[in-house]
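Participant: To be precise about what I am sending: the file is called entry-v6.pdb and holds PDB, C-alpha atoms.
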```pdb
ATOM      1  CA  MET Y 302      15.602  21.672  -4.951  1.00  0.00           C
ATOM      2  CA  ASP Y 303      12.017  22.856  -4.823  1.00  0.00           C
ATOM      3  CA  PHE Y 304       8.839  20.881  -4.195  1.00  0.00           C
ATOM      4  CA  MET Y 305       8.075  20.242  -7.872  1.00  0.00           C
ATOM      5  CA  GLU Y 306      11.607  18.991  -8.489  1.00  0.00           C
ATOM      6  CA  ASP Y 307      11.211  16.666  -5.505  1.00  0.00           C
ATOM      7  CA  ILE Y 308       7.966  15.281  -6.935  1.00  0.00           C
ATOM      8  CA  GLU Y 309       9.567  14.833 -10.357  1.00  0.00           C
ATOM      9  CA  LEU Y 310      12.524  12.987  -8.813  1.00  0.00           C
ATOM     10  CA  TYR Y 311      10.166  10.774  -6.759  1.00  0.00           C
ATOM     11  CA  ASN Y 312       8.136   9.899  -9.871  1.00  0.00           C
ATOM     12  CA  LEU Y 313      11.317   9.106 -11.778  1.00  0.00           C
ATOM     13  CA  ALA Y 314      12.463   6.839  -8.934  1.00  0.00           C
ATOM     14  CA  MET Y 315       9.126   4.997  -9.046  1.00  0.00           C
ATOM     15  CA  ASP Y 316       9.328   4.669 -12.853  1.00  0.00           C
ATOM     16  CA  ASN Y 317      12.855   3.270 -12.572  1.00  0.00           C
ATOM     17  CA  ALA Y 318      11.797   0.866  -9.827  1.00  0.00           C
ATOM     18  CA  TYR Y 319       8.834  -0.282 -11.918  1.00  0.00           C
ATOM     19  CA  ALA Y 320      11.061  -0.985 -14.914  1.00  0.00           C
ATOM     20  CA  LEU Y 321      13.453  -3.049 -12.791  1.00  0.00           C
ATOM     21  CA  ILE Y 322      10.766  -4.945 -10.884  1.00  0.00           C
ATOM     22  CA  VAL Y 323       8.765  -6.025 -13.935  1.00  0.00           C
ATOM     23  CA  GLY Y 324      11.888  -6.713 -15.963  1.00  0.00           C
ATOM     24  CA  ASP Y 325      11.421  -4.071 -18.644  1.00  0.00           C
ATOM     25  CA  MET Y 326      15.013  -2.976 -18.051  1.00  0.00           C
ATOM     26  CA  LYS Y 327      18.058  -4.278 -16.249  1.00  0.00           C
ATOM     27  CA  LEU Y 328      20.170  -2.072 -14.019  1.00  0.00           C
ATOM     28  CA  ASP Y 329      23.134  -2.097 -16.389  1.00  0.00           C
ATOM     29  CA  GLU Y 330      20.840  -0.996 -19.234  1.00  0.00           C
ATOM     30  CA  MET Y 331      19.604   1.925 -17.130  1.00  0.00           C
ATOM     31  CA  ILE Y 332      23.140   2.981 -16.340  1.00  0.00           C
ATOM     32  CA  ILE Y 333      24.171   2.812 -20.005  1.00  0.00           C
ATOM     33  CA  GLU Y 334      21.059   4.758 -21.036  1.00  0.00           C
ATOM     34  CA  LEU Y 335      21.767   7.368 -18.364  1.00  0.00           C
ATOM     35  CA  ASP Y 336      25.316   7.728 -19.633  1.00  0.00           C
ATOM     36  CA  ASP Y 337      24.134   8.084 -23.246  1.00  0.00           C
ATOM     37  CA  GLU Y 338      21.219  10.455 -22.602  1.00  0.00           C
ATOM     38  CA  ASP Y 339      22.848  13.786 -22.014  1.00  0.00           C
ATOM     39  CA  GLU Y 340      26.573  14.154 -21.930  1.00  0.00           C
ATOM     40  CA  ASP Y 341      26.247  17.887 -21.172  1.00  0.00           C
ATOM     41  CA  GLU Y 342      24.672  17.234 -17.767  1.00  0.00           C
ATOM     42  CA  ASP Y 343      26.849  18.162 -14.809  1.00  0.00           C
ATOM     43  CA  GLU Y 344      25.325  15.465 -12.654  1.00  0.00           C
ATOM     44  CA  ASP Y 345      23.909  12.139 -13.760  1.00  0.00           C
ATOM     45  CA  ILE Y 346      21.560  10.483 -11.303  1.00  0.00           C
ATOM     46  CA  LEU Y 347      19.575   7.288 -11.364  1.00  0.00           C
ATOM     47  CA  PRO Y 348      16.973   7.666  -8.636  1.00  0.00           C
ATOM     48  CA  LEU Y 349      15.681   4.450  -7.114  1.00  0.00           C
ATOM     49  CA  PRO Y 350      13.766   3.907  -3.876  1.00  0.00           C
ATOM     50  CA  PHE Y 351      16.104   1.040  -2.935  1.00  0.00           C
ATOM     51  CA  ASN Y 352      19.765   0.112  -3.202  1.00  0.00           C
ATOM     52  CA  PRO Y 353      20.149  -2.144  -6.238  1.00  0.00           C
ATOM     53  CA  PHE Y 354      23.736  -2.999  -5.285  1.00  0.00           C
ATOM     54  CA  ASP Y 355      23.085  -4.621  -1.904  1.00  0.00           C
ATOM     55  CA  GLY Y 356      22.791  -8.090  -3.438  1.00  0.00           C
ATOM     56  CA  GLU Y 357      19.313  -8.675  -2.042  1.00  0.00           C
ATOM     57  CA  LYS Y 358      16.202  -9.232  -4.101  1.00  0.00           C
ATOM     58  CA  ILE Y 359      13.683  -6.400  -4.110  1.00  0.00           C
ATOM     59  CA  SER Y 360      11.499  -6.838  -1.038  1.00  0.00           C
ATOM     60  CA  ASP Y 361       7.760  -7.375  -1.156  1.00  0.00           C
ATOM     61  CA  SER Y 362       7.293  -4.251   0.960  1.00  0.00           C
ATOM     62  CA  MET Y 363       9.191  -2.180  -1.624  1.00  0.00           C
ATOM     63  CA  ILE Y 364       7.060  -3.648  -4.400  1.00  0.00           C
ATOM     64  CA  ASP Y 365       3.987  -2.688  -2.345  1.00  0.00           C
ATOM     65  CA  ILE Y 366       5.216   0.921  -2.178  1.00  0.00           C
ATOM     66  CA  VAL Y 367       5.534   1.011  -5.966  1.00  0.00           C
ATOM     67  CA  ILE Y 368       2.093  -0.612  -6.351  1.00  0.00           C
ATOM     68  CA  ASN Y 369       0.589   2.047  -4.063  1.00  0.00           C
ATOM     69  CA  HIS Y 370       2.247   4.790  -6.124  1.00  0.00           C
ATOM     70  CA  TYR Y 371       0.678   3.526  -9.348  1.00  0.00           C
ATOM     71  CA  THR Y 372      -2.657   2.876  -7.639  1.00  0.00           C
ATOM     72  CA  ASP Y 373      -2.724   6.550  -6.620  1.00  0.00           C
ATOM     73  CA  LEU Y 374      -2.054   7.467 -10.259  1.00  0.00           C
ATOM     74  CA  GLU Y 375      -4.771   5.009 -11.374  1.00  0.00           C
ATOM     75  CA  GLU Y 376      -2.319   3.135 -13.605  1.00  0.00           C
ATOM     76  CA  TYR Y 377      -3.864  -0.256 -12.954  1.00  0.00           C
ATOM     77  CA  GLU Y 378      -2.108  -2.108 -15.769  1.00  0.00           C
ATOM     78  CA  LYS Y 379       1.195  -1.292 -14.097  1.00  0.00           C
ATOM     79  CA  CYS Y 380      -0.244  -2.414 -10.755  1.00  0.00           C
ATOM     80  CA  ALA Y 381      -1.233  -5.759 -12.270  1.00  0.00           C
ATOM     81  CA  ARG Y 382       2.274  -6.301 -13.653  1.00  0.00           C
ATOM     82  CA  LEU Y 383       3.766  -5.405 -10.267  1.00  0.00           C
ATOM     83  CA  VAL Y 384       1.460  -7.842  -8.456  1.00  0.00           C
ATOM     84  CA  LYS Y 385       2.522 -10.573 -10.882  1.00  0.00           C
ATOM     85  CA  ALA Y 386       6.187  -9.724 -10.331  1.00  0.00           C
ATOM     86  CA  LYS Y 387       5.617  -9.832  -6.566  1.00  0.00           C
ATOM     87  CA  GLU Y 388       4.039 -13.274  -6.842  1.00  0.00           C
ATOM     88  CA  ASP Y 389       6.947 -14.465  -8.978  1.00  0.00           C
ATOM     89  CA  ASN Y 390       9.361 -12.934  -6.438  1.00  0.00           C
ATOM     90  CA  ALA Y 391       8.075 -15.155  -3.630  1.00  0.00           C
TER      91      ALA Y 391
END
```
Could you spell out this file's structure in structure tokens?
Facilitator:
Amino acid sequence: MDFMEDIELYNLAMDNAYALIVGDMKLDEMIIELDDEDEDEDEDILPLPFNPFDGEKISDSMIDIVINHYTDLEEYEKCARLVKAKEDNA
């Protein structure tokens, strides 16, 4: 895996985390979508910056990491939704 592939995978992990945190998608929906997307793929992956199967809620520190990612990209609407989700998470 080269540097650009690493960046692409990181961005995909942040996009997936965002969708889960703000409630745009549920984990089972992501898994079904992944399965339906491309059946020719040798390897299906669902990158996330946390383990969604550990039974714990997503931590505030993890939400902060995702907020920082979108702040760096100047996607402030996403940041606002993440802040709201963090407040609701408390």
Participant: Distance atom CA of Y:Leu328-atom CA of Y:Phe304, one decimal place?
Facilitator: 27.4 Å
Participant: Leaving out stretch 353-359 of chain Y and any residue of its chain fewer than 4 positions from it, which residues lie within 9 Å of it when counting only C-alpha atoms, given as a PyMOL selection string?
Facilitator: chain Y and resi 322+328+349+363-364+390
Participant: Please list as a list of chain:residue names every residue within 12 Å of Y:Asp325, counting all atoms listed in the file and excluding residues in the same chain fewer than 6 positions away.
Facilitator: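 Close residues of Y:Asp325: Y:Asp316, Y:Asn317, Y:Ala318, Y:Tyr319, Y:Met331, Y:Lys379, Y:Arg382, Y:Leu383, Y:Ala386.
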Participant: Just give me the gap between atom CA of Y:Pro348 and atom CA of Y:Tyr311 in Å, one decimal is fine.
Facilitator: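 If I compute the distance from atom CA of Y:Pro348 to atom CA of Y:Tyr311, I get 7.7 Å.
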Participant: Just the residues within 9 Å of Y:Asp365, please, counting all atoms listed in the file, with nothing from its chain fewer than 3 positions along; format it as a PyMOL selection string.
Facilitator: chain Y and resi 360-362+368-370+383-384+387
Participant: Hey, can I get the axis-aligned box for stretch 362-375 of chain Y? All listed atoms, 3 Å padding on each side, centre and edge lengths in Å to one decimal, as lines of an AutoDock Vina configuration file.
Facilitator:
```
center_x = 2.2
center_y = 1.6
center_z = -5.2
size_x = 20.0
size_y = 17.7
size_z = 18.3
```
Participant: What separation in Å, quoted to one decimal, exists between atom CA of Y:Leu310 and atom CA of Y:Gly324?
Facilitator: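 So the two atoms, atom CA of Y:Leu310 and atom CA of Y:Gly324, lie 21.0 Å apart.
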Participant: Considering only C-alpha atoms, return as a ChimeraX atom specification whatever protein or nucleic-acid residues lie within 12 Å of Y:Asp329, sequence-local ones (same chain, fewer than 4 positions apart) excluded.
Facilitator: /Y:321,333-336,347,353-354
